[in-house]
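J.: What follows is start_26.cif; its format and atoms are mmCIF, C-alpha atoms and all ligand atoms.
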```
data_upload
loop_
_atom_site.label_atom_id
_atom_site.label_comp_id
_atom_site.auth_asym_id
_atom_site.auth_seq_id
_atom_site.Cartn_x
_atom_site.Cartn_y
_atom_site.Cartn_z
CA MET A 1 -6.36 3.49 -27.52
CA MET A 2 -7.86 5.30 -24.54
CA LYS A 3 -11.26 3.69 -24.61
CA LEU A 4 -13.12 3.73 -21.36
CA ARG A 5 -15.93 1.22 -21.12
CA ARG A 6 -19.16 1.93 -19.31
CA GLY A 7 -17.98 -0.25 -16.44
CA ASP A 8 -14.82 1.82 -16.10
CA ILE A 9 -16.70 5.06 -15.69
CA LEU A 10 -19.06 3.40 -13.20
CA LEU A 11 -16.16 1.96 -11.22
CA ILE A 12 -14.15 5.19 -11.13
CA GLY A 13 -17.33 7.03 -10.08
CA ILE A 14 -18.00 4.58 -7.24
CA VAL A 15 -14.41 4.76 -5.97
CA LEU A 16 -14.42 8.56 -6.03
CA LEU A 17 -17.81 8.61 -4.29
CA CYS A 18 -16.49 6.27 -1.57
CA ALA A 19 -13.47 8.52 -1.06
CA ILE A 20 -15.68 11.60 -0.77
CA ILE A 21 -18.04 9.88 1.71
CA PHE A 22 -15.06 8.81 3.84
CA ILE A 23 -13.67 12.34 3.78
CA ILE A 24 -17.04 13.83 4.79
CA ILE A 25 -17.41 11.35 7.68
CA ARG A 26 -13.88 12.16 8.76
CA ALA A 27 -14.58 15.89 8.69
CA PHE A 28 -16.88 15.46 11.71
CA PRO A 29 -14.44 14.71 14.48
CA ASN A 30 -15.84 12.48 17.20
CA GLU A 31 -13.29 13.85 19.59
CA VAL A 32 -12.99 17.59 19.76
CA SER A 33 -9.45 18.56 18.96
CA ASP A 34 -9.07 21.30 21.48
CA GLU A 35 -5.76 23.10 21.43
CA SER A 36 -6.16 24.32 25.00
CA HIS A 37 -5.66 20.97 26.70
CA SER A 38 -2.76 18.70 26.19
CA LYS A 39 -2.43 15.64 24.02
CA ILE A 40 -0.19 12.67 24.52
CA ALA A 41 1.32 10.33 21.99
CA THR A 42 1.61 6.63 22.76
CA ILE A 43 4.45 4.82 21.03
CA THR A 44 4.06 1.05 20.81
CA VAL A 45 6.65 -1.39 19.53
CA ASP A 46 5.41 -4.88 18.68
CA GLY A 47 2.23 -4.34 20.70
CA LYS A 48 4.02 -3.27 23.87
CA ILE A 49 3.95 0.34 25.02
CA TYR A 50 7.41 1.77 24.48
CA ARG A 51 6.70 5.15 26.02
CA THR A 52 4.15 7.94 26.12
CA VAL A 53 5.08 11.52 25.51
CA GLU A 54 3.24 14.79 25.99
CA LEU A 55 2.93 16.73 22.76
CA THR A 56 4.56 19.95 23.80
CA ALA A 57 5.18 23.09 21.78
CA GLU A 58 8.89 22.89 22.50
CA PRO A 59 10.73 20.55 20.18
CA GLN A 60 12.09 17.29 21.51
CA GLU A 61 13.36 14.18 19.80
CA ILE A 62 12.58 10.60 20.74
CA LYS A 63 14.62 7.72 19.49
CA VAL A 64 12.79 4.42 19.34
CA GLN A 65 15.20 1.52 19.50
CA THR A 66 13.78 -1.83 18.42
CA GLU A 67 15.04 -5.08 19.90
CA ASP A 68 16.83 -6.11 16.72
CA GLY A 69 18.96 -2.97 16.71
CA HIS A 70 16.95 -0.77 14.37
CA TYR A 71 15.68 2.70 15.11
CA ASN A 72 12.96 5.24 14.38
CA LEU A 73 13.50 8.90 15.19
CA LEU A 74 10.42 10.90 16.20
CA LYS A 75 10.21 14.62 16.76
CA VAL A 76 7.66 16.36 18.95
CA HIS A 77 6.97 20.02 18.24
CA ASP A 78 4.06 22.47 18.03
CA HIS A 79 1.67 20.08 19.85
CA GLY A 80 2.21 17.36 17.27
CA ILE A 81 4.62 14.60 16.35
CA GLU A 82 6.34 13.39 13.21
CA MET A 83 8.72 10.65 12.14
CA ILE A 84 11.89 12.30 10.90
CA ASP A 85 14.20 9.36 10.38
CA ALA A 86 14.19 5.56 10.33
CA ASP A 87 16.43 2.80 9.06
CA CYS A 88 13.55 0.66 7.83
CA PRO A 89 13.72 -0.56 4.24
CA ASP A 90 10.50 0.99 2.91
CA LYS A 91 10.55 4.46 4.54
CA VAL A 92 6.74 4.54 4.39
CA CYS A 93 6.68 5.79 7.99
CA LEU A 94 8.39 9.00 6.89
CA THR A 95 5.49 9.81 4.53
CA PHE A 96 2.90 10.13 7.32
CA GLY A 97 4.06 13.66 7.97
CA PHE A 98 3.34 15.82 10.99
CA ILE A 99 0.29 14.54 12.90
CA THR A 100 -1.66 16.46 15.52
CA ASN A 101 -5.05 14.84 16.09
CA PRO A 102 -6.23 11.53 17.56
CA SER A 103 -7.56 10.13 14.30
CA GLN A 104 -4.11 10.17 12.76
CA THR A 105 -1.38 7.59 13.25
CA ILE A 106 2.18 6.92 12.20
CA VAL A 107 3.01 3.34 11.37
CA CYS A 108 6.29 1.65 10.58
CA LEU A 109 5.34 -1.84 9.44
CA PRO A 110 8.85 -3.33 9.17
CA HIS A 111 9.68 -2.24 12.72
CA ARG A 112 6.17 -2.83 14.12
CA VAL A 113 6.18 0.72 15.49
CA LEU A 114 2.86 2.51 16.01
CA VAL A 115 2.35 6.10 17.16
CA GLU A 116 -1.12 7.11 18.32
CA ILE A 117 -2.38 10.40 19.73
CA GLU A 118 -4.86 10.67 22.58
CA ASN A 119 -6.56 13.69 24.06
CA THR A 120 -5.86 13.72 27.74
CA ASN A 121 -9.02 14.19 29.73
CA PRO A 122 -8.80 17.65 31.30
CA LYS A 123 -10.94 16.59 34.30
CA ASP A 124 -8.72 13.95 35.80
CA GLN A 125 -5.62 15.45 34.27
CA GLY A 126 -6.04 18.91 35.79
CA ASP A 127 -4.05 18.32 38.98
CA ASP A 128 -1.14 16.67 37.20
CA LEU A 129 -1.05 19.44 34.65
CA ASP A 130 -0.88 22.13 37.33
CA ALA A 131 1.84 20.22 39.06
CA VAL A 132 3.85 20.16 35.86
CA VAL A 133 3.25 23.85 35.15
CA ASN A 134 4.16 24.86 38.68
CA MET B 1 -4.71 -34.36 -28.67
CA PRO B 2 -1.32 -32.59 -28.49
CA SER B 3 1.82 -34.70 -28.56
CA SER B 4 4.08 -34.78 -25.51
CA ILE B 5 6.74 -32.76 -27.35
CA ASP B 6 4.23 -29.99 -27.99
CA THR B 7 3.15 -30.02 -24.37
CA SER B 8 6.67 -29.85 -23.04
CA THR B 9 7.55 -27.05 -25.48
CA ALA B 10 4.49 -25.15 -24.31
CA MET B 11 5.48 -25.78 -20.69
CA LEU B 12 8.98 -24.51 -21.33
CA LYS B 13 7.67 -21.43 -23.13
CA LYS B 14 5.36 -20.74 -20.22
CA THR B 15 8.12 -21.15 -17.62
CA VAL B 16 10.39 -18.82 -19.58
CA MET B 17 7.62 -16.24 -19.83
CA ILE B 18 6.89 -16.36 -16.10
CA ALA B 19 10.60 -16.00 -15.34
CA ILE B 20 10.95 -13.02 -17.71
CA PHE B 21 7.82 -11.37 -16.32
CA ALA B 22 9.03 -11.84 -12.73
CA ALA B 23 12.45 -10.42 -13.59
CA VAL B 24 10.92 -7.37 -15.26
CA ALA B 25 8.54 -6.90 -12.31
CA VAL B 26 11.49 -6.86 -9.90
CA VAL B 27 13.37 -4.36 -12.09
CA LEU B 28 10.25 -2.17 -12.20
CA SER B 29 10.03 -2.29 -8.38
CA ILE B 30 13.64 -1.12 -8.17
CA ILE B 31 13.00 1.70 -10.65
CA GLU B 32 9.88 2.65 -8.71
CA SER B 33 11.83 2.94 -5.46
CA MET B 34 13.97 5.59 -7.13
CA ILE B 35 11.07 7.71 -8.39
CA PRO B 36 9.83 10.18 -5.79
CA LEU B 37 6.05 10.56 -5.83
CA PRO B 38 4.72 14.11 -6.16
CA PHE B 39 2.22 13.45 -3.37
CA SER B 40 2.84 12.21 0.13
CA VAL B 41 0.21 9.62 0.93
CA PRO B 42 1.42 6.89 3.29
CA GLY B 43 1.37 3.53 1.52
CA ALA B 44 0.63 5.00 -1.91
CA LYS B 45 2.76 3.76 -4.75
CA LEU B 46 2.83 3.71 -8.51
CA GLY B 47 2.65 -0.07 -8.63
CA LEU B 48 4.79 -0.48 -11.74
CA ALA B 49 5.22 -4.19 -10.99
CA ASN B 50 1.47 -4.54 -11.46
CA ILE B 51 2.10 -3.95 -15.18
CA MET B 52 3.70 -7.39 -15.33
CA VAL B 53 1.05 -9.06 -13.16
CA LEU B 54 -1.71 -7.78 -15.45
CA THR B 55 0.21 -8.70 -18.60
CA CYS B 56 0.73 -12.19 -17.20
CA LEU B 57 -2.96 -12.51 -16.35
CA TYR B 58 -3.73 -11.51 -19.92
CA PHE B 59 -1.39 -13.92 -21.71
CA LEU B 60 -1.27 -16.80 -19.22
CA ASN B 61 -3.67 -18.09 -16.57
CA GLY B 62 -4.35 -17.50 -12.89
CA LYS B 63 -2.05 -20.27 -11.63
CA ASP B 64 0.90 -18.91 -13.62
CA THR B 65 0.22 -15.38 -12.43
CA LEU B 66 0.15 -16.58 -8.84
CA MET B 67 3.55 -18.16 -9.47
CA LEU B 68 4.80 -14.83 -10.83
CA ILE B 69 3.53 -12.99 -7.74
CA VAL B 70 5.23 -15.45 -5.37
CA LEU B 71 8.51 -15.17 -7.30
CA LYS B 72 8.31 -11.39 -7.50
CA THR B 73 7.51 -10.96 -3.79
CA ILE B 74 10.33 -13.27 -2.67
CA LEU B 75 12.86 -11.66 -5.03
CA THR B 76 11.98 -8.11 -3.96
CA ALA B 77 12.22 -9.14 -0.30
CA PHE B 78 15.74 -10.45 -1.01
CA ILE B 79 16.82 -7.33 -2.90
CA PHE B 80 15.34 -4.73 -0.55
CA GLY B 81 15.89 -6.75 2.62
CA THR B 82 12.24 -6.31 3.56
CA PHE B 83 11.70 -9.71 5.20
CA SER B 84 10.03 -8.14 8.20
CA SER B 85 7.27 -6.71 5.99
CA PHE B 86 7.24 -9.67 3.59
CA LEU B 87 3.89 -10.98 4.85
CA PHE B 88 2.26 -7.56 4.46
CA SER B 89 3.29 -7.17 0.85
CA PHE B 90 2.36 -10.77 0.14
CA PHE B 91 -1.07 -10.30 1.73
CA GLY B 92 -1.60 -7.12 -0.30
CA ALA B 93 -0.46 -8.83 -3.49
CA ILE B 94 -2.82 -11.78 -2.96
CA VAL B 95 -5.88 -9.56 -2.34
CA SER B 96 -4.94 -7.56 -5.42
CA PHE B 97 -4.51 -10.74 -7.48
CA VAL B 98 -7.82 -12.31 -6.45
CA LEU B 99 -9.74 -9.14 -7.37
CA MET B 100 -7.97 -8.68 -10.71
CA TYR B 101 -8.35 -12.38 -11.58
CA GLY B 102 -12.05 -12.25 -10.81
CA MET B 103 -12.55 -9.17 -12.95
CA MET B 104 -10.46 -10.60 -15.77
CA ARG B 105 -12.54 -13.79 -15.77
CA LEU B 106 -16.00 -12.35 -15.30
CA GLY B 107 -15.95 -8.71 -16.22
CA ARG B 108 -13.88 -8.36 -19.40
CA ASP B 109 -16.88 -7.23 -21.47
CA PHE B 110 -17.79 -4.58 -18.95
CA PHE B 111 -14.42 -3.40 -17.66
CA SER B 112 -11.26 -2.47 -19.53
CA LEU B 113 -7.73 -3.06 -18.22
CA ILE B 114 -7.91 0.40 -16.63
CA SER B 115 -10.61 -0.70 -14.17
CA ILE B 116 -8.80 -3.94 -13.47
CA SER B 117 -5.56 -2.13 -12.64
CA ILE B 118 -7.39 0.43 -10.45
CA VAL B 119 -9.02 -2.40 -8.49
CA GLY B 120 -5.67 -4.20 -8.30
CA GLY B 121 -3.92 -1.15 -6.86
CA ILE B 122 -6.65 -0.35 -4.36
CA GLY B 123 -6.93 -4.03 -3.44
CA HIS B 124 -3.23 -4.01 -2.63
CA ASN B 125 -3.68 -1.02 -0.33
CA ILE B 126 -6.74 -2.49 1.40
CA GLY B 127 -4.90 -5.80 1.84
CA GLN B 128 -1.98 -4.04 3.50
CA LEU B 129 -4.22 -1.89 5.69
CA THR B 130 -6.06 -5.02 6.81
CA ALA B 131 -2.80 -6.82 7.58
CA ALA B 132 -1.64 -3.77 9.55
CA MET B 133 -5.00 -3.69 11.37
CA ILE B 134 -4.58 -7.33 12.42
CA ILE B 135 -0.98 -6.82 13.59
CA PHE B 136 -1.50 -3.52 15.41
CA LYS B 137 -5.05 -4.33 16.57
CA THR B 138 -6.30 -0.90 15.57
CA SER B 139 -8.38 0.22 12.60
CA LYS B 140 -7.01 3.76 12.79
CA MET B 141 -4.90 3.24 9.69
CA PHE B 142 -8.07 3.33 7.58
CA TYR B 143 -7.95 7.09 8.13
CA TYR B 144 -5.61 7.07 5.13
CA LEU B 145 -7.96 5.03 2.92
CA PRO B 146 -9.68 7.97 1.12
CA ALA B 147 -6.33 9.40 0.03
CA LEU B 148 -5.27 5.92 -1.07
CA LEU B 149 -8.50 5.51 -3.08
CA LEU B 150 -7.84 8.79 -4.90
CA THR B 151 -4.20 8.02 -5.67
CA GLY B 152 -5.25 4.47 -6.60
CA VAL B 153 -7.54 5.80 -9.35
CA VAL B 154 -4.79 8.01 -10.79
CA THR B 155 -2.02 5.40 -10.69
CA GLY B 156 -4.46 2.70 -11.83
CA ILE B 157 -5.32 4.62 -15.01
CA PHE B 158 -1.62 5.12 -15.69
CA ILE B 159 -0.77 1.44 -15.13
CA GLY B 160 -3.80 0.28 -17.14
CA LEU B 161 -2.71 2.34 -20.14
CA ALA B 162 0.85 1.04 -19.86
CA VAL B 163 -0.48 -2.55 -19.88
CA LYS B 164 -2.60 -1.85 -22.96
CA TYR B 165 0.42 -0.61 -24.92
CA LEU B 166 2.61 -3.44 -23.64
CA ILE B 167 0.07 -6.11 -24.60
CA SER B 168 -0.38 -4.74 -28.10
CA ALA B 169 3.41 -4.62 -28.55
CA LEU B 170 3.99 -8.11 -27.14
CA SER B 171 1.18 -9.62 -29.21
CA LYS B 172 3.26 -8.89 -32.32
CA LEU B 173 6.10 -11.11 -31.03
CA THR B 174 6.07 -14.76 -32.14
CA LEU B 175 6.69 -15.94 -28.57
CA PHE B 176 3.35 -14.50 -27.48
CA GLN B 177 1.30 -15.51 -30.50
CA GLY B 178 -1.55 -17.81 -29.68
CA TRP B 179 -1.36 -17.00 -25.96
CA ALA B 180 -3.81 -14.16 -25.72
CA ALA B 181 -6.59 -16.17 -24.18
CA HIS B 182 -8.73 -13.24 -23.18
CA GLU B 183 -9.48 -11.42 -26.40
ZN ZN A 201 9.42 2.70 8.58
#
```
For the structure just supplied, provide its representation as structure tokens.
T.:
Amino acid sequence: MMKLRRGDILLIGIVLLCAIIFIIIRAFPNEVSDESHSKIATITVDGKIYRTVELTAEPQEIKVQTEDGHYNLLKVHDHGIEMIDADCPDKVCLTFGFITNPSQTIVCLPHRVLVEIENTNPKDQGDDLDAVVN
Amino acid sequence: MPSSIDTSTAMLKKTVMIAIFAAVAVVLSIIESMIPLPFSVPGAKLGLANIMVLTCLYFLNGKDTLMLIVLKTILTAFIFGTFSSFLFSFFGAIVSFVLMYGMMRLGRDFFSLISISIVGGIGHNIGQLTAAMIIFKTSKMFYYLPALLLTGVVTGIFIGLAVKYLISALSKLTLFQGWAAHE
């Protein structure tokens, strides 16, 4: 019953090769993920910026309330962010896990919620950062 | 030249088959939502409903399968209340369908059902990622594509095998005799 044709083996090989190439390209980060300077997460709902939050080590929770009365609950901790609860029907957003670097995202399609991470530029951020620390 | 009674009987048979396939596809989607996946890849799914899409492509034609997909997508949106993501799943399903239909028509000597279901599953993922890219105006979601390709191969093999067994079982039923247009 389990008869693989030549085309099958070729196709599976090509798909696996593509995956490996993607993973190798991804392994060279174009933005250096430096733990020493801070990162911020931008939360957008339906294309509009809902709020930005600094990814602190201390835990904090952010509740995103959409206009039609639904919610997504995000949690910031250990310089990263994760979606911990949502009342969307597919719950796909909860499978993104804990994200810490700018190439990763969290998406909730039904609620049109997008979470992106950006490295804050230490040069023009320095003064603000000191102000916060002091 | 077939008589009009024969044609209408065939039409009725076809309609019944599409309805049954769509119903089973919806049930499979419900079952799938209850099965936790052992891996956590955003957007990855078993794609059990694809068993029915492939079976339909095998026994019936492209137009009928398209009908099945429309029915299945609307019914699942009703049951799960996923109207807000309806267009995403529909877009994914259409990309998946076009690729599987093309392979079924042109590549049956070269590819088995396993390849066709792998391409169908991955096509669904790429369709959804593209829809998400258009809506959110960012291509960052493609970060998850490699993981989706890998899970797509695994689930595709599983679904392809299921379709093989289902087709050989259904071919023994009188209702399906004379329909297998692709052998
Ligand atoms: Zn969600």
J.: Residues up to 8 Å from ligand ZN 201 (chain A), counting only C-alpha atoms and all ligand atoms: could you list those as a list of chain:residue names?
T.: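 Here is the list of contacting residues: A:Asn72, A:Ala86, A:Asp87, A:Cys88, A:Pro89, A:Asp90, A:Lys91, A:Val92, A:Cys93, A:Leu94, A:Val107, A:Cys108, A:Leu109, A:Pro110, A:His111, A:Val113.
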J.: How would the residues just chosen look if you wrote them out with C-alpha atoms as a PDB file, in the frame of the given file?
T.:
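Here's the written file selection-v2.pdb:
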```
ATOM      1  CA  ASN A  72      12.960   5.240  14.380  1.00  0.00           C
ATOM      2  CA  ALA A  86      14.190   5.560  10.330  1.00  0.00           C
ATOM      3  CA  ASP A  87      16.430   2.800   9.060  1.00  0.00           C
ATOM      4  CA  CYS A  88      13.550   0.660   7.830  1.00  0.00           C
ATOM      5  CA  PRO A  89      13.720  -0.560   4.240  1.00  0.00           C
ATOM      6  CA  ASP A  90      10.500   0.990   2.910  1.00  0.00           C
ATOM      7  CA  LYS A  91      10.550   4.460   4.540  1.00  0.00           C
ATOM      8  CA  VAL A  92       6.740   4.540   4.390  1.00  0.00           C
ATOM      9  CA  CYS A  93       6.680   5.790   7.990  1.00  0.00           C
ATOM     10  CA  LEU A  94       8.390   9.000   6.890  1.00  0.00           C
ATOM     11  CA  VAL A 107       3.010   3.340  11.370  1.00  0.00           C
ATOM     12  CA  CYS A 108       6.290   1.650  10.580  1.00  0.00           C
ATOM     13  CA  LEU A 109       5.340  -1.840   9.440  1.00  0.00           C
ATOM     14  CA  PRO A 110       8.850  -3.330   9.170  1.00  0.00           C
ATOM     15  CA  HIS A 111       9.680  -2.240  12.720  1.00  0.00           C
ATOM     16  CA  VAL A 113       6.180   0.720  15.490  1.00  0.00           C
TER      17      VAL A 113
END
```
J.: Write out as a tab-separated table the residues of chain A that have any atom within 7 Å of an atom of chain B, one row each with the nearest atom pair and its distance in Å to one decimal, counting all atoms listed in the file, sorted by chain and then rising number.
T.:
```
residue	atom	partner	partner_atom	distance
A:Leu4	CA	B:Ser112	CA	6.7
A:Arg5	CA	B:Phe111	CA	6.0
A:Arg6	CA	B:Phe110	CA	6.7
A:Gly7	CA	B:Phe111	CA	4.9
A:Asp8	CA	B:Ser115	CA	5.3
A:Leu11	CA	B:Ser115	CA	6.8
A:Ile12	CA	B:Val153	CA	6.9
A:Val15	CA	B:Leu149	CA	6.6
A:Leu16	CA	B:Leu150	CA	6.7
A:Ala19	CA	B:Pro146	CA	4.4
A:Phe22	CA	B:Pro146	CA	6.1
A:Ile23	CA	B:Pro146	CA	6.5
A:Gly47	CA	B:Phe136	CA	6.5
A:Pro89	CA	B:Thr82	CA	6.0
A:Val92	CA	B:Pro42	CA	5.9
A:Thr95	CA	B:Pro42	CA	5.2
A:Phe96	CA	B:Pro42	CA	5.4
A:Ser103	CA	B:Lys140	CA	6.6
A:Gln104	CA	B:Tyr143	CA	6.8
A:Thr105	CA	B:Met141	CA	6.6
A:Leu109	CA	B:Ser85	CA	6.3
A:Pro110	CA	B:Ser85	CA	4.9
```
J.: Using all atoms listed in the file for the distances, tell me which of A:Ile25, A:Val64, A:Leu74, A:Ile117 is nearest to A:Lys39.
T.: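 For A:Lys39, the nearest of the given residues is A:Ile117.
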J.: Quick check, in Å to one decimal: how far apart do atom CA of B:Lys72 and atom CA of B:Ala22 lie?
T.: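 It comes out at 5.3 Å.
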J.: Rounded to one decimal place, report the atom CA of A:His77-atom CA of A:Glu118 distance in Å.
T.: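 So the answer is 15.7 Å.
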J.: Counting all atoms listed in the file, which residue out of B:Ala10, B:Met52, B:Ile69, B:Ser139 sits closest to A:Glu116?
T.: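 Selected residue with least distance to A:Glu116: B:Ser139.
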J.: Please check which residues have atoms at most 12 Å from (-8.7, -10.8, -12.2) in the file's coordinates, counting only C-alpha atoms, and write them as a ChimeraX atom specification.
T.: /B:50,53-58,60-63,65-66,94-108,111-113,115-120,123,182
J.: Record the distance separating atom CA of B:Ser8 and atom CA of B:Leu175, expressed in Å with one decimal.
T.: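 These atoms are spaced 15.0 Å apart.
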J.: Using all atoms listed in the file for the distances, tell me which of A:Ser38, A:Gln60, A:Thr44, A:Thr66 is nearest to A:Pro102.
T.: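 Distance minimum relative to A:Pro102 lands on A:Ser38.
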J.: Padding 4 Å on every side, please: axis-aligned box over the listed atoms of stretch 60-67 of chain A, centre and edge lengths to one decimal in Å, as AutoDock Vina command-line options.
T.:
```
--center_x 13.6 --center_y 6.1 --center_z 20.0 --size_x 11.1 --size_y 30.4 --size_z 11.1
```
J.: So which residues touch A:Ile62 within 8 Å, counting only C-alpha atoms, skipping near sequence neighbours fewer than 4 positions away, as a ChimeraX atom specification?
T.: /A:73-76
J.: Let me make sure I understand: among B:Leu129, B:Leu71, B:Leu170, B:Ile134, which one has the smallest atom-to-atom distance to B:Ile18 if we use only C-alpha atoms?
T.: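 Using only C-alpha atoms, B:Ile18 sits closest to B:Leu71.
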J.: So which one's closest to B:Ile51, B:Ile35, B:Met67, B:Ile74, B:Ile159? Using only C-alpha atoms, please.
T.: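 Closest candidate: B:Ile159.
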J.: Will you model all heavy atoms for stretch 7-15 of chain A and pass it back as a PDB file, in the coordinates of the input?
T.:
```pdb
ATOM      1  N   GLY A   7     -18.364   0.262 -17.758  1.00  0.00           N
ATOM      2  CA  GLY A   7     -17.980  -0.250 -16.440  1.00  0.00           C
ATOM      3  C   GLY A   7     -16.871   0.550 -15.795  1.00  0.00           C
ATOM      4  O   GLY A   7     -16.866   0.756 -14.582  1.00  0.00           O
ATOM      5  N   ASP A   8     -15.938   1.032 -16.630  1.00  0.00           N
ATOM      6  CA  ASP A   8     -14.820   1.820 -16.100  1.00  0.00           C
ATOM      7  C   ASP A   8     -15.314   3.100 -15.454  1.00  0.00           C
ATOM      8  O   ASP A   8     -14.906   3.464 -14.357  1.00  0.00           O
ATOM      9  CB  ASP A   8     -13.837   2.183 -17.225  1.00  0.00           C
ATOM     10  CG  ASP A   8     -13.190   0.947 -17.819  1.00  0.00           C
ATOM     11  OD1 ASP A   8     -13.087  -0.047 -17.100  1.00  0.00           O
ATOM     12  OD2 ASP A   8     -12.814   0.997 -18.999  1.00  0.00           O
ATOM     13  N   ILE A   9     -16.197   3.780 -16.194  1.00  0.00           N
ATOM     14  CA  ILE A   9     -16.700   5.060 -15.690  1.00  0.00           C
ATOM     15  C   ILE A   9     -17.489   4.831 -14.400  1.00  0.00           C
ATOM     16  O   ILE A   9     -17.332   5.560 -13.423  1.00  0.00           O
ATOM     17  CB  ILE A   9     -17.557   5.749 -16.782  1.00  0.00           C
ATOM     18  CG1 ILE A   9     -16.637   6.148 -17.952  1.00  0.00           C
ATOM     19  CG2 ILE A   9     -18.272   6.979 -16.232  1.00  0.00           C
ATOM     20  CD1 ILE A   9     -17.325   6.357 -19.260  1.00  0.00           C
ATOM     21  N   LEU A  10     -18.280   3.759 -14.396  1.00  0.00           N
ATOM     22  CA  LEU A  10     -19.060   3.400 -13.200  1.00  0.00           C
ATOM     23  C   LEU A  10     -18.125   3.128 -12.025  1.00  0.00           C
ATOM     24  O   LEU A  10     -18.309   3.655 -10.924  1.00  0.00           O
ATOM     25  CB  LEU A  10     -19.900   2.159 -13.519  1.00  0.00           C
ATOM     26  CG  LEU A  10     -20.992   1.806 -12.518  1.00  0.00           C
ATOM     27  CD1 LEU A  10     -22.132   2.818 -12.622  1.00  0.00           C
ATOM     28  CD2 LEU A  10     -21.533   0.397 -12.779  1.00  0.00           C
ATOM     29  N   LEU A  11     -17.093   2.337 -12.291  1.00  0.00           N
ATOM     30  CA  LEU A  11     -16.160   1.960 -11.220  1.00  0.00           C
ATOM     31  C   LEU A  11     -15.413   3.171 -10.670  1.00  0.00           C
ATOM     32  O   LEU A  11     -15.334   3.363  -9.456  1.00  0.00           O
ATOM     33  CB  LEU A  11     -15.161   0.930 -11.745  1.00  0.00           C
ATOM     34  CG  LEU A  11     -14.184   0.430 -10.673  1.00  0.00           C
ATOM     35  CD1 LEU A  11     -14.416  -1.023 -10.373  1.00  0.00           C
ATOM     36  CD2 LEU A  11     -12.756   0.673 -11.069  1.00  0.00           C
ATOM     37  N   ILE A  12     -14.881   3.998 -11.573  1.00  0.00           N
ATOM     38  CA  ILE A  12     -14.150   5.190 -11.130  1.00  0.00           C
ATOM     39  C   ILE A  12     -15.084   6.089 -10.317  1.00  0.00           C
ATOM     40  O   ILE A  12     -14.719   6.599  -9.260  1.00  0.00           O
ATOM     41  CB  ILE A  12     -13.532   5.948 -12.337  1.00  0.00           C
ATOM     42  CG1 ILE A  12     -12.434   5.088 -12.968  1.00  0.00           C
ATOM     43  CG2 ILE A  12     -12.955   7.297 -11.910  1.00  0.00           C
ATOM     44  CD1 ILE A  12     -11.891   5.616 -14.278  1.00  0.00           C
ATOM     45  N   GLY A  13     -16.340   6.229 -10.798  1.00  0.00           N
ATOM     46  CA  GLY A  13     -17.330   7.030 -10.080  1.00  0.00           C
ATOM     47  C   GLY A  13     -17.572   6.507  -8.681  1.00  0.00           C
ATOM     48  O   GLY A  13     -17.580   7.275  -7.706  1.00  0.00           O
ATOM     49  N   ILE A  14     -17.733   5.182  -8.553  1.00  0.00           N
ATOM     50  CA  ILE A  14     -18.000   4.580  -7.240  1.00  0.00           C
ATOM     51  C   ILE A  14     -16.814   4.785  -6.303  1.00  0.00           C
ATOM     52  O   ILE A  14     -16.988   5.161  -5.136  1.00  0.00           O
ATOM     53  CB  ILE A  14     -18.345   3.073  -7.382  1.00  0.00           C
ATOM     54  CG1 ILE A  14     -19.719   2.915  -8.043  1.00  0.00           C
ATOM     55  CG2 ILE A  14     -18.320   2.375  -6.027  1.00  0.00           C
ATOM     56  CD1 ILE A  14     -20.080   1.500  -8.427  1.00  0.00           C
ATOM     57  N   VAL A  15     -15.602   4.590  -6.810  1.00  0.00           N
ATOM     58  CA  VAL A  15     -14.410   4.760  -5.970  1.00  0.00           C
ATOM     59  C   VAL A  15     -14.296   6.205  -5.484  1.00  0.00           C
ATOM     60  O   VAL A  15     -14.075   6.459  -4.298  1.00  0.00           O
ATOM     61  CB  VAL A  15     -13.128   4.331  -6.732  1.00  0.00           C
ATOM     62  CG1 VAL A  15     -11.885   4.679  -5.918  1.00  0.00           C
ATOM     63  CG2 VAL A  15     -13.153   2.846  -7.032  1.00  0.00           C
TER      64      VAL A  15
END
```
